[in-house]
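Engineer: Input structure: model13.txt, which contains compact mmCIF, C-alpha atoms.
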```
# COMPACT_ATOMS: atom_id res chain seq x y z
CA MET E 7 -9.90 46.80 -91.24
CA LYS E 8 -7.57 43.82 -91.51
CA LYS E 9 -8.79 40.55 -90.06
CA SER E 10 -6.02 40.50 -87.44
CA ARG E 11 -6.91 44.00 -86.27
CA LEU E 12 -10.63 43.12 -86.25
CA VAL E 13 -9.99 40.05 -84.12
CA ALA E 14 -7.85 42.07 -81.73
CA ALA E 15 -10.51 44.76 -81.47
CA LEU E 16 -13.25 42.24 -80.83
CA ALA E 17 -11.13 40.53 -78.21
CA ALA E 18 -10.49 43.84 -76.48
CA ALA E 19 -14.17 44.70 -76.60
CA GLY E 20 -15.03 41.27 -75.21
CA ALA E 21 -12.57 41.71 -72.40
CA LEU E 22 -14.07 45.11 -71.60
CA VAL E 23 -17.61 43.66 -71.55
CA ALA E 24 -16.45 40.80 -69.34
CA THR E 25 -14.78 43.26 -67.01
CA LEU E 26 -17.95 45.33 -66.83
CA ILE E 27 -20.05 42.24 -66.13
CA LEU E 28 -17.71 41.07 -63.39
CA THR E 29 -17.63 44.53 -61.88
CA ALA E 30 -21.41 44.64 -61.91
CA LEU E 31 -21.78 41.35 -60.05
CA PRO E 32 -22.85 42.29 -56.52
CA ALA E 33 -21.35 40.66 -53.47
CA SER E 34 -23.81 38.65 -51.45
CA ALA E 35 -25.73 40.47 -48.74
CA SER E 36 -24.91 37.53 -46.47
CA THR E 37 -21.97 35.58 -45.14
CA ALA E 38 -21.71 31.93 -44.11
CA GLN E 39 -19.20 30.93 -41.44
CA PHE E 40 -18.14 27.30 -40.98
CA THR E 41 -17.46 25.61 -37.66
CA VAL E 42 -16.61 22.05 -36.70
CA VAL E 43 -18.92 21.42 -33.76
CA ASN E 44 -17.62 17.96 -32.93
CA SER E 45 -15.28 15.44 -34.55
CA TRP E 46 -14.45 11.78 -34.17
CA SER E 47 -12.53 9.07 -35.99
CA GLY E 48 -14.00 8.93 -39.46
CA GLY E 49 -16.21 12.01 -39.40
CA TYR E 50 -17.40 15.24 -37.85
CA GLU E 51 -20.42 17.46 -37.24
CA GLY E 52 -20.24 20.74 -39.14
CA ARG E 53 -22.26 23.92 -38.92
CA TYR E 54 -22.67 26.99 -41.13
CA THR E 55 -23.97 30.21 -39.59
CA VAL E 56 -25.67 32.43 -42.16
CA THR E 57 -25.74 36.14 -41.32
CA ASN E 58 -27.54 38.92 -43.16
CA ASN E 59 -25.02 41.77 -43.27
CA SER E 60 -27.17 44.13 -45.32
CA ALA E 61 -29.39 46.93 -44.06
CA ALA E 62 -32.51 45.26 -45.48
CA THR E 63 -34.35 42.02 -44.77
CA ILE E 64 -33.54 39.06 -47.01
CA SER E 65 -36.11 36.37 -47.82
CA SER E 66 -33.91 33.41 -48.85
CA TRP E 67 -30.34 32.09 -48.93
CA ARG E 68 -28.36 29.26 -50.48
CA VAL E 69 -24.96 27.92 -49.38
CA GLN E 70 -22.81 25.69 -51.60
CA PHE E 71 -19.45 24.03 -51.02
CA ASP E 72 -17.30 21.16 -52.26
CA LEU E 73 -16.21 18.09 -50.32
CA PRO E 74 -13.28 16.00 -51.61
CA SER E 75 -13.84 12.52 -52.96
CA GLY E 76 -14.35 10.05 -50.15
CA SER E 77 -16.19 12.52 -47.89
CA THR E 78 -19.99 12.55 -47.91
CA VAL E 79 -22.82 14.21 -45.99
CA SER E 80 -24.86 11.51 -44.27
CA SER E 81 -27.48 13.74 -42.63
CA SER E 82 -28.37 17.40 -42.18
CA TRP E 83 -30.90 19.64 -40.48
CA ASN E 84 -32.39 23.15 -40.74
CA ALA E 85 -31.87 23.32 -44.53
CA GLN E 86 -32.91 21.65 -47.79
CA ALA E 87 -29.92 19.61 -48.93
CA SER E 88 -28.94 18.36 -52.39
CA VAL E 89 -25.71 17.13 -53.98
CA SER E 90 -24.27 16.99 -57.49
CA GLY E 91 -20.93 15.22 -57.64
CA ASN E 92 -18.78 16.79 -54.97
CA ARG E 93 -20.85 20.00 -54.85
CA HIS E 94 -23.25 20.24 -51.91
CA THR E 95 -26.10 22.75 -51.78
CA PHE E 96 -28.06 23.82 -48.68
CA ALA E 97 -31.03 26.17 -49.09
CA ASN E 98 -33.26 27.71 -46.46
CA VAL E 99 -36.46 26.02 -45.37
CA SER E 100 -39.75 27.90 -45.02
CA TRP E 101 -39.17 29.23 -41.52
CA ASN E 102 -35.51 30.34 -41.62
CA GLY E 103 -35.17 32.04 -45.01
CA THR E 104 -36.27 35.49 -43.88
CA LEU E 105 -33.52 37.25 -41.94
CA ALA E 106 -33.75 40.81 -40.70
CA ALA E 107 -30.73 43.08 -40.94
CA GLY E 108 -28.00 41.63 -38.75
CA ALA E 109 -29.93 38.43 -38.01
CA SER E 110 -28.41 34.95 -38.19
CA THR E 111 -29.51 31.37 -38.58
CA SER E 112 -27.62 28.12 -38.90
CA PHE E 113 -27.80 24.65 -40.38
CA GLY E 114 -25.85 21.54 -39.49
CA PHE E 115 -24.69 18.32 -41.11
CA ILE E 116 -22.74 15.14 -40.44
CA VAL E 117 -19.77 14.35 -42.71
CA ASN E 118 -18.46 10.82 -43.13
CA GLY E 119 -14.78 11.31 -43.92
CA SER E 120 -12.21 13.92 -42.98
CA GLY E 121 -12.52 16.39 -45.86
CA SER E 122 -13.36 20.02 -45.01
CA PRO E 123 -15.71 22.20 -47.10
CA ALA E 124 -13.98 24.19 -49.84
CA ASN E 125 -15.02 26.77 -52.45
CA CYS E 126 -17.87 27.98 -50.25
CA ALA E 127 -20.40 30.30 -51.88
CA ILE E 128 -23.56 31.94 -50.57
CA ASP E 129 -26.05 33.08 -53.17
CA GLY E 130 -23.30 32.79 -55.77
CA ALA E 131 -20.78 34.97 -53.95
CA SER E 132 -18.01 34.23 -51.48
CA CYS E 133 -19.09 32.97 -48.09
CA THR E 134 -16.79 35.60 -46.62
CA GLY E 135 -18.50 38.45 -48.43
CA GLY E 136 -16.48 38.87 -51.66
CA GLY E 137 -17.65 38.65 -55.24
CA THR E 138 -16.34 35.16 -56.09
CA PRO E 139 -16.28 31.90 -54.16
CA SER E 140 -13.34 31.48 -51.82
CA SER E 141 -10.97 28.54 -52.06
CA SER E 142 -11.30 27.60 -48.39
CA PRO E 143 -14.06 27.77 -45.79
CA SER E 144 -14.32 30.70 -43.46
CA THR E 145 -14.16 30.06 -39.74
CA SER E 146 -16.22 31.40 -36.88
CA PRO E 147 -14.72 34.28 -34.90
CA SER E 148 -12.84 32.97 -31.91
CA THR E 149 -12.07 34.39 -28.50
CA PRO E 150 -8.57 33.97 -27.04
CA SER E 151 -8.20 30.67 -25.21
CA GLY E 152 -9.02 30.85 -21.53
CA THR E 153 -11.03 34.07 -21.63
CA THR E 154 -14.56 32.76 -22.17
CA PRO E 155 -16.70 31.41 -19.32
CA VAL E 156 -16.55 27.86 -20.69
CA ALA E 157 -12.79 28.08 -21.26
CA ARG E 158 -12.35 29.19 -17.63
CA HIS E 159 -14.72 26.72 -15.98
CA GLY E 160 -15.21 23.79 -18.36
CA GLN E 161 -17.52 20.97 -17.33
CA LEU E 162 -19.89 21.96 -14.52
CA LYS E 163 -21.16 19.68 -11.78
CA VAL E 164 -23.12 19.73 -8.53
CA CYS E 165 -20.93 19.74 -5.43
CA GLY E 166 -23.07 19.53 -2.31
CA THR E 167 -25.55 22.39 -2.56
CA ASN E 168 -23.46 24.37 -5.03
CA MET E 169 -22.32 24.37 -8.65
CA CYS E 170 -18.62 23.72 -9.19
CA ASP E 171 -16.35 23.82 -12.21
CA ARG E 172 -13.76 21.33 -13.46
CA ASN E 173 -11.35 22.55 -10.74
CA ASN E 174 -13.93 21.95 -7.99
CA THR E 175 -14.26 25.70 -7.48
CA ARG E 176 -17.71 27.09 -6.67
CA VAL E 177 -19.22 28.92 -9.62
CA GLN E 178 -22.07 31.43 -9.80
CA LEU E 179 -23.20 31.96 -13.39
CA ARG E 180 -25.12 35.13 -14.26
CA GLY E 181 -27.01 35.82 -17.46
CA ILE E 182 -30.34 36.39 -19.14
CA SER E 183 -33.25 34.40 -20.52
CA SER E 184 -34.78 34.80 -23.93
CA MET E 185 -38.41 35.72 -24.35
CA TRP E 186 -40.68 32.78 -25.21
CA LEU E 187 -38.99 32.07 -28.54
CA ASN E 188 -42.32 31.81 -30.33
CA TRP E 189 -43.24 35.35 -29.18
CA GLU E 190 -39.99 37.30 -29.34
CA THR E 191 -40.32 40.51 -31.38
CA GLN E 192 -37.00 39.91 -33.17
CA PRO E 193 -34.47 37.05 -32.96
CA TYR E 194 -32.32 38.75 -30.32
CA ALA E 195 -31.48 35.49 -28.57
CA GLU E 196 -30.49 33.77 -31.83
CA ASN E 197 -27.94 36.37 -32.93
CA LEU E 198 -24.29 35.41 -32.47
CA SER E 199 -23.03 39.01 -32.57
CA ALA E 200 -25.48 39.96 -29.83
CA LEU E 201 -24.39 37.03 -27.67
CA THR E 202 -20.69 37.82 -27.95
CA TRP E 203 -21.46 41.50 -27.29
CA MET E 204 -23.32 40.61 -24.08
CA ARG E 205 -20.45 38.35 -23.06
CA ASP E 206 -17.86 41.08 -23.60
CA ASN E 207 -19.86 44.10 -22.39
CA TRP E 208 -22.26 42.72 -19.77
CA ASN E 209 -20.12 39.81 -18.53
CA LEU E 210 -22.89 37.41 -19.54
CA GLN E 211 -21.89 33.84 -18.75
CA VAL E 212 -25.09 31.93 -19.53
CA ILE E 213 -28.10 32.37 -21.81
CA ARG E 214 -31.43 30.59 -21.40
CA ALA E 215 -33.35 29.46 -24.47
CA ALA E 216 -36.99 29.58 -23.35
CA MET E 217 -38.65 27.36 -25.95
CA GLY E 218 -42.43 27.79 -25.75
CA VAL E 219 -44.30 24.51 -25.99
CA GLU E 220 -48.09 24.96 -25.98
CA PRO E 221 -49.01 28.32 -27.63
CA ASP E 222 -49.72 28.69 -31.32
CA GLY E 223 -46.45 28.70 -33.23
CA ALA E 224 -44.53 27.07 -30.38
CA TYR E 225 -43.01 23.58 -30.25
CA LEU E 226 -46.14 21.44 -30.41
CA SER E 227 -47.51 23.21 -33.49
CA ASN E 228 -44.19 24.01 -35.20
CA PRO E 229 -41.49 21.69 -33.84
CA SER E 230 -39.04 22.25 -36.70
CA LYS E 231 -38.92 26.01 -36.17
CA ALA E 232 -38.75 25.77 -32.38
CA ARG E 233 -35.99 23.18 -32.50
CA ALA E 234 -34.00 25.27 -34.99
CA GLN E 235 -34.24 28.34 -32.75
CA VAL E 236 -32.93 26.36 -29.79
CA GLU E 237 -30.15 24.75 -31.80
CA THR E 238 -29.06 28.12 -33.16
CA ILE E 239 -28.73 29.39 -29.59
CA ILE E 240 -26.81 26.27 -28.55
CA ASN E 241 -24.44 26.56 -31.50
CA ASN E 242 -23.90 30.26 -30.88
CA ALA E 243 -23.15 29.53 -27.22
CA VAL E 244 -20.50 27.02 -28.29
CA THR E 245 -18.90 29.59 -30.60
CA ALA E 246 -19.05 32.34 -27.95
CA GLY E 247 -17.85 30.08 -25.15
CA VAL E 248 -20.83 30.64 -22.84
CA TYR E 249 -23.22 28.24 -21.14
CA VAL E 250 -26.75 27.68 -22.44
CA ILE E 251 -29.90 26.46 -20.69
CA VAL E 252 -32.30 24.50 -22.89
CA ASP E 253 -35.68 25.27 -21.31
CA TRP E 254 -38.86 23.29 -22.06
CA HIS E 255 -40.99 26.37 -21.36
CA ASP E 256 -44.23 24.68 -20.35
CA HIS E 257 -46.78 24.88 -17.50
CA VAL E 258 -48.31 21.42 -18.04
CA ALA E 259 -45.36 19.37 -19.24
CA GLU E 260 -46.77 16.21 -17.67
CA ASN E 261 -49.34 16.32 -20.50
CA HIS E 262 -46.52 16.38 -23.07
CA ARG E 263 -44.21 13.81 -21.53
CA ALA E 264 -43.70 11.74 -24.69
CA GLN E 265 -42.84 14.83 -26.75
CA SER E 266 -40.46 16.08 -24.07
CA VAL E 267 -38.68 12.75 -23.74
CA ALA E 268 -38.22 12.60 -27.52
CA PHE E 269 -36.96 16.20 -27.65
CA PHE E 270 -34.39 15.82 -24.88
CA THR E 271 -33.31 12.37 -26.08
CA ASP E 272 -32.46 13.80 -29.49
CA LEU E 273 -30.69 16.93 -28.22
CA ALA E 274 -28.78 15.03 -25.54
CA ARG E 275 -27.56 12.61 -28.21
CA ARG E 276 -26.24 15.42 -30.40
CA TYR E 277 -25.18 18.03 -27.84
CA GLY E 278 -24.70 16.12 -24.59
CA HIS E 279 -20.95 15.84 -25.16
CA LEU E 280 -20.59 19.62 -24.87
CA PRO E 281 -19.72 21.22 -21.51
CA ASN E 282 -21.84 24.27 -22.46
CA VAL E 283 -25.28 22.70 -22.13
CA ILE E 284 -27.61 22.77 -19.11
CA TRP E 285 -31.01 21.07 -19.41
CA GLU E 286 -34.24 22.47 -17.93
CA PRO E 287 -37.08 20.00 -18.65
CA TYR E 288 -39.95 21.87 -16.95
CA ASN E 289 -40.17 25.64 -16.64
CA GLU E 290 -43.02 26.29 -14.19
CA PRO E 291 -45.39 23.53 -13.07
CA LEU E 292 -48.73 24.69 -11.72
CA GLN E 293 -50.13 23.87 -8.28
CA VAL E 294 -50.04 20.11 -8.81
CA SER E 295 -48.59 17.24 -6.81
CA TRP E 296 -44.83 16.96 -6.69
CA THR E 297 -44.76 13.26 -5.85
CA ASN E 298 -47.60 12.09 -8.11
CA VAL E 299 -47.30 14.40 -11.13
CA ILE E 300 -44.07 16.38 -11.43
CA LYS E 301 -41.50 13.98 -9.99
CA PRO E 302 -42.49 11.03 -12.26
CA TYR E 303 -42.26 13.35 -15.27
CA HIS E 304 -38.79 14.51 -14.22
CA GLN E 305 -37.62 10.98 -13.60
CA ALA E 306 -38.63 9.95 -17.12
CA VAL E 307 -36.88 12.92 -18.77
CA VAL E 308 -33.76 12.63 -16.59
CA THR E 309 -33.49 8.95 -17.52
CA ALA E 310 -33.79 9.82 -21.22
CA ILE E 311 -31.11 12.53 -21.00
CA ARG E 312 -28.73 10.33 -19.04
CA GLN E 313 -28.83 7.63 -21.71
CA ASN E 314 -26.87 10.03 -23.93
CA ASP E 315 -25.46 12.65 -21.56
CA PRO E 316 -24.05 11.29 -18.32
CA ASP E 317 -22.86 14.48 -16.70
CA ASN E 318 -24.37 17.83 -17.77
CA ILE E 319 -26.45 19.59 -15.14
CA ILE E 320 -30.25 19.19 -15.24
CA VAL E 321 -32.38 21.87 -13.51
CA LEU E 322 -35.79 20.70 -12.26
CA GLY E 323 -38.98 22.76 -11.95
CA ASN E 324 -41.30 22.31 -8.97
CA PRO E 325 -44.88 23.13 -7.92
CA THR E 326 -46.49 26.59 -7.81
CA TRP E 327 -44.56 28.14 -10.68
CA SER E 328 -41.24 26.76 -9.37
CA GLN E 329 -41.56 28.21 -5.90
CA ASP E 330 -42.05 25.02 -3.81
CA VAL E 331 -38.42 23.92 -3.71
CA ASP E 332 -38.92 22.91 -0.07
CA VAL E 333 -41.59 20.43 -1.17
CA ALA E 334 -39.26 18.96 -3.80
CA ALA E 335 -36.55 18.67 -1.11
CA SER E 336 -38.73 16.26 0.86
CA SER E 337 -38.57 13.72 -2.00
CA PRO E 338 -35.81 14.54 -4.51
CA VAL E 339 -35.49 13.01 -7.97
CA SER E 340 -32.93 10.22 -8.19
CA GLY E 341 -29.82 11.02 -10.18
CA THR E 342 -26.58 12.95 -10.32
CA ASN E 343 -25.83 16.59 -11.16
CA LEU E 344 -29.44 17.61 -10.52
CA MET E 345 -30.39 21.14 -9.45
CA TYR E 346 -33.76 22.69 -8.67
CA THR E 347 -35.03 26.00 -9.95
CA LEU E 348 -36.56 28.79 -7.88
CA HIS E 349 -38.37 31.63 -9.67
CA PHE E 350 -39.11 35.01 -8.09
CA TYR E 351 -40.44 38.45 -9.01
CA SER E 352 -39.40 40.96 -6.40
CA CYS E 353 -42.60 43.05 -6.24
CA THR E 354 -44.51 39.85 -5.40
CA HIS E 355 -42.02 37.53 -3.69
CA GLY E 356 -39.87 38.39 -0.70
CA ALA E 357 -38.42 36.92 2.48
CA SER E 358 -40.98 34.12 2.80
CA LEU E 359 -39.95 32.65 -0.58
CA ARG E 360 -36.28 33.01 0.29
CA ALA E 361 -37.06 31.02 3.44
CA LYS E 362 -38.33 28.20 1.22
CA GLY E 363 -35.03 28.36 -0.62
CA ASP E 364 -33.11 28.24 2.65
CA ALA E 365 -35.08 25.17 3.72
CA ALA E 366 -34.31 23.41 0.45
CA ILE E 367 -30.60 24.19 0.78
CA ARG E 368 -30.57 22.88 4.36
CA ALA E 369 -32.19 19.69 3.05
CA GLY E 370 -29.32 19.29 0.56
CA LEU E 371 -30.70 20.70 -2.72
CA ALA E 372 -28.61 22.75 -5.12
CA LEU E 373 -30.60 25.71 -6.52
CA PHE E 374 -30.45 27.64 -9.81
CA VAL E 375 -32.72 30.68 -10.31
CA THR E 376 -33.43 30.29 -14.03
CA GLU E 377 -35.98 33.12 -14.10
CA TRP E 378 -36.48 36.30 -12.07
CA GLY E 379 -37.54 39.90 -12.41
CA ALA E 380 -37.53 43.12 -10.39
CA SER E 381 -41.27 43.36 -11.03
CA HIS E 382 -44.63 41.87 -10.17
CA ALA E 383 -45.16 38.21 -11.02
CA ASP E 384 -46.91 39.12 -14.30
CA GLY E 385 -43.56 40.32 -15.64
CA GLY E 386 -44.26 43.95 -14.83
CA LEU E 387 -47.29 44.92 -16.90
CA ASP E 388 -47.51 48.10 -14.78
CA GLY E 389 -43.87 49.02 -15.48
CA VAL E 390 -42.97 49.15 -11.77
CA VAL E 391 -39.44 48.22 -10.64
CA CYS E 392 -39.04 46.93 -7.06
CA GLN E 393 -35.29 47.36 -6.81
CA THR E 394 -34.85 47.27 -3.01
CA GLU E 395 -36.37 43.80 -2.72
CA ALA E 396 -34.58 42.70 -5.90
CA GLN E 397 -31.28 43.70 -4.27
CA ALA E 398 -32.16 41.54 -1.27
CA TRP E 399 -32.59 38.64 -3.68
CA ILE E 400 -29.29 39.43 -5.44
CA ASN E 401 -27.51 39.44 -2.08
CA TRP E 402 -29.13 36.14 -1.09
CA MET E 403 -28.15 34.48 -4.37
CA ARG E 404 -24.61 35.78 -4.10
CA SER E 405 -24.15 34.59 -0.52
CA ASN E 406 -25.44 31.13 -1.42
CA GLY E 407 -23.57 30.89 -4.72
CA ILE E 408 -26.83 30.53 -6.67
CA SER E 409 -26.60 31.06 -10.43
CA TRP E 410 -29.29 33.02 -12.25
CA THR E 411 -30.76 34.15 -15.56
CA ALA E 412 -33.00 37.23 -15.59
CA TRP E 413 -36.22 37.51 -17.59
CA LYS E 414 -36.11 38.61 -20.54
CA LEU E 415 -34.26 39.63 -23.72
CA ASP E 416 -36.87 41.47 -25.75
CA VAL E 417 -38.42 44.85 -26.56
CA GLY E 418 -41.63 46.01 -24.88
CA THR E 419 -43.21 48.04 -22.10
CA ASP E 420 -43.16 45.35 -19.39
CA THR E 421 -40.69 45.95 -16.56
CA THR E 422 -38.84 42.78 -17.47
CA ASN E 423 -38.28 43.61 -21.14
CA LEU E 424 -34.63 44.58 -21.10
CA LEU E 425 -34.62 46.57 -24.34
CA SER E 426 -36.38 49.66 -25.65
CA PRO E 427 -37.73 50.08 -29.21
CA GLY E 428 -35.10 50.43 -31.90
CA ALA E 429 -32.60 48.13 -30.21
CA PRO E 430 -30.59 46.48 -33.01
CA VAL E 431 -30.60 42.70 -33.25
CA THR E 432 -26.80 42.52 -33.18
CA GLY E 433 -26.15 44.07 -29.75
CA GLY E 434 -24.70 47.43 -28.74
CA TRP E 435 -27.54 47.96 -26.26
CA ASN E 436 -26.09 50.17 -23.53
CA GLY E 437 -28.24 53.03 -24.80
CA TYR E 438 -31.34 50.85 -25.06
CA LEU E 439 -31.67 49.45 -21.54
CA ARG E 440 -35.03 50.01 -19.85
CA GLY E 441 -37.23 48.65 -17.06
CA HIS E 442 -35.16 46.47 -14.75
CA GLY E 443 -32.48 46.22 -17.47
CA PRO E 444 -29.94 48.61 -15.89
CA PHE E 445 -30.26 46.75 -12.57
CA VAL E 446 -29.85 43.34 -14.20
CA VAL E 447 -26.78 44.38 -16.21
CA ALA E 448 -25.16 46.09 -13.23
CA ASN E 449 -25.38 42.83 -11.30
CA MET E 450 -23.98 40.75 -14.15
CA ARG E 451 -20.83 42.85 -14.36
```
In structure tokens, how does this file's structure come out?

Structural biologist:
Amino acid sequence: MKKSRLVAALAAAGALVATLILTALPASASTAQFTVVNSWSGGYEGRYTVTNNSAATISSWRVQFDLPSGSTVSSSWNAQASVSGNRHTFANVSWNGTLAAGASTSFGFIVNGSGSPANCAIDGASCTGGGTPSSSPSTSPSTPSGTTPVARHGQLKVCGTNMCDRNNTRVQLRGISSMWLNWETQPYAENLSALTWMRDNWNLQVIRAAMGVEPDGAYLSNPSKARAQVETIINNAVTAGVYVIVDWHDHVAENHRAQSVAFFTDLARRYGHLPNVIWEPYNEPLQVSWTNVIKPYHQAVVTAIRQNDPDNIIVLGNPTWSQDVDVAASSPVSGTNLMYTLHFYSCTHGASLRAKGDAAIRAGLALFVTEWGASHADGGLDGVVCQTEAQAWINWMRSNGISWTAWKLDVGTDTTNLLSPGAPVTGGWNGYLRGHGPFVVANMR
């Protein structure tokens, strides 16, 4: 064979091998979607949401992108960050690498400069799901302007004994609470697809992130994981255009005052500019003094939040598992845009607890029912649904314009577990409703 023909043959063979290799390269099982969370002169806060689109669980992920010269990452969270030249790499940390099918997580970063991420790759493949890195960042799915709850209502505020929107119109938000995030069976509350599905199919307007504090695996023992779960829910709420309650889910928060102040100070600094966020510094105090124990705790946390967030609503717990709103009304916390929570479970609580709510409203308090169930107060361990009394509560909340989030988005046999086994993480749950779920969803729509 002549040399020229040999060279040509080898070149053809090489091209064929290269083609086969390229064809064999699998696309990533995951995607990474970029969002600008907030921007200012000289920089912005960015976020990537990593989603496992495969049918199997993944155990790790790595996102890479380029920033142009003059733009640098000054800080980041929820990922291990490194940089080589203009190429930035973010890899999972120990607690957010494993993602079930359809599950999502996110990491954030601050960029000094105006340059946007380019050439984004996840696990060596395109962030948008192809086989090679894309030349520009993908963007989060958007909903047409004006159609999401936040687009309609904007910044919320307290007006008398009600909640009003930016147009001074009374608003009643309706939604659901997560399970204690440290105990949820799957990350239902952290999934963006599930949140947008609930918004579009259930008319969900608000989600509550119930961040456990004391139990093993909750905030005090694993603050990085707990914080990341909450921040994922906040970021998803921003993308979906719904409101989000950040709940310090504690029964003895006065014992964790320093930790709570630090937590809310940090989150208010980074998220307090958003109209989406509602703060709930104390889930359910026990039967302790309002004036000597709970009120001083609230005053400290409210002061910390207001140093960074002057206007978002703060919802305050009160004695006896947030049932003594009338007691709180006798000596309210000082501040603006403050509401008080009232929790009920309809098999246990009836007209006498509503009377306490009426007394608080007459005294000038604005109420927000951040947790309720059509069950006994234990969450419905017996599986019983008390729908007649629950309807009386729904009617009372509607007539008083009281917003609510129902307990809870998880799988299990309790009355208040909304979902039955097999419910996918990503939504599509109309065939999986159980317990008081059908009643809750019917009253959200």

Engineer: Hey, could you make a per-residue contact list for stretch 99-203 of chain E against stretch 351-371 of chain E with 9 Å as the cut-off, showing the nearest pair of atoms and its distance in Å to one decimal, counting only C-alpha atoms, sorted by chain and number, as a Markdown table?

Structural biologist:
```
| residue | atom | partner | partner_atom | distance |
| --- | --- | --- | --- | --- |
| E:Gly166 | CA | E:Gly370 | CA | 6.9 |
| E:Thr167 | CA | E:Leu371 | CA | 5.4 |
| E:Asn168 | CA | E:Leu371 | CA | 8.4 |
```

Engineer: Write the residues of the selection above to a file with C-alpha atoms, as a PDB file, in the frame of the given file.

Structural biologist:
```
ATOM      1  CA  GLY E 166     -23.070  19.530  -2.310  1.00  0.00           C
ATOM      2  CA  THR E 167     -25.550  22.390  -2.560  1.00  0.00           C
ATOM      3  CA  ASN E 168     -23.460  24.370  -5.030  1.00  0.00           C
TER       4      ASN E 168
END
```

Engineer: Could you check how far atom CA of E:Val390 sits from atom CA of E:Phe445, in Å to one decimal?

Structural biologist: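 The value is 13.0 Å.
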
Engineer: Between E:His262, E:His304, E:Arg451, E:Lys231, which is the closest to E:Pro338 once you count only C-alpha atoms?

Structural biologist: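 Of E:His262, E:His304, E:Arg451, E:Lys231, the one nearest E:Pro338 is E:His304, counting only C-alpha atoms.
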
Engineer: Quick one: everything within 10 Å of E:Ala234, counting only C-alpha atoms, minus sequence neighbours fewer than 6 positions away in the same chain. Send it as a list in words.

Structural biologist: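 My reading of the contact set: Trp83, Asn84, Ala85, Trp101, Asn102, Thr111, Ser112, Phe113, Glu196 and Ile240 of chain E.
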
Engineer: Suppose you want the space between atom CA of E:Asn197 and atom CA of E:Asn241; what is it in Å?

Structural biologist: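 Here the two named atoms are 10.5 Å from each other.
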
Engineer: Got a sec: who's within 12 Å of E:Phe350, counting all atoms listed in the file, leaving out chain neighbours fewer than 4 positions off, as a PyMOL selection string?

Structural biologist: chain E and resi 290+326-331+354-360+362-363+374-385+392+395-396+398-400+403+410-413

Engineer: Which value, in Å to one decimal, gives the distance between atom CA of E:Gly119 and atom CA of E:Gly48?

Structural biologist: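 One can read the atom CA of E:Gly119 to atom CA of E:Gly48 distance as 5.1 Å.
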
Engineer: Please determine, counting only C-alpha atoms, which residue among E:Val391, E:Val177, E:Ala246, E:Val267 has the shortest atom-to-atom distance to E:Thr153.

Structural biologist: E:Ala246

Engineer: Taking only C-alpha atoms into account, name the residue in E:Gln178, E:Ser336, E:Asn118, E:Ser88 that is nearest to E:Ser409.

Structural biologist: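 Of the candidates, the smallest distance to E:Ser409 is held by E:Gln178.
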
Engineer: Within 8 Å of E:Ala200, counting only C-alpha atoms, which residues show up once you throw out same-chain ones fewer than 6 positions away? Write them as a ChimeraX atom specification, please.

Structural biologist: /E:194,431-434

Engineer: So which one's closest to E:Pro229, E:Met185, E:Ala268, E:Val339, E:Val250? Using all atoms listed in the file, please.

Structural biologist: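 Using all atoms listed in the file, E:Pro229 sits closest to E:Ala268.
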
Engineer: Around stretch 70-82 of chain E, fit a box with edges along x, y and z, padding it by 4 Å on each side, then list its centre and edge lengths in Å to one decimal as AutoDock Vina command-line options.

Structural biologist:
```
--center_x -20.8 --center_y 17.9 --center_z -47.6 --size_x 23.1 --size_y 23.6 --size_z 18.8
```

Engineer: Would you please work out which residue, of E:Leu210, E:Ala131, E:Leu425, E:Leu387, is nearest to E:Ala243 when using all atoms listed in the file?

Structural biologist: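 Closest to E:Ala243, using all atoms listed in the file: E:Leu210.
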
Engineer: Nearest to E:Asn92 among E:Gly49, E:Pro281, E:Pro123, E:Gly223, with distances taken over all atoms listed in the file: which residue is it?

Structural biologist: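 Result for the nearest residue to E:Asn92: E:Pro123.
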
Engineer: List as a count of residues only the protein and nucleic acid residues near E:Thr202, meaning an atom at most 12 Å away when all atoms listed in the file are counted, but skip any in the same chain fewer than 4 places from it.

Structural biologist: 30

Engineer: List the spatial neighbours of E:Trp296 as a PyMOL selection string - criterion: any atom at most 8 Å away, only C-alpha atoms, same-chain residues fewer than 2 positions off excluded.

Structural biologist: chain E and resi 294+298-301+324-325+333-334

Engineer: Could you turn the residues from that selection into a file that holds C-alpha atoms, as a PDB file, keeping the file's coordinate frame?

Structural biologist:
```pdb
ATOM      1  CA  VAL E 294     -50.040  20.110  -8.810  1.00  0.00           C
ATOM      2  CA  ASN E 298     -47.600  12.090  -8.110  1.00  0.00           C
ATOM      3  CA  VAL E 299     -47.300  14.400 -11.130  1.00  0.00           C
ATOM      4  CA  ILE E 300     -44.070  16.380 -11.430  1.00  0.00           C
ATOM      5  CA  LYS E 301     -41.500  13.980  -9.990  1.00  0.00           C
ATOM      6  CA  ASN E 324     -41.300  22.310  -8.970  1.00  0.00           C
ATOM      7  CA  PRO E 325     -44.880  23.130  -7.920  1.00  0.00           C
ATOM      8  CA  VAL E 333     -41.590  20.430  -1.170  1.00  0.00           C
ATOM      9  CA  ALA E 334     -39.260  18.960  -3.800  1.00  0.00           C
TER      10      ALA E 334
END
```

Engineer: Counting all atoms listed in the file, which residues sit no farther than 10 Å from the position (-44.0, 34.4, -31.7) in the file's frame? I'd like them as a ChimeraX atom specification.

Structural biologist: /E:185-193,218,221-224
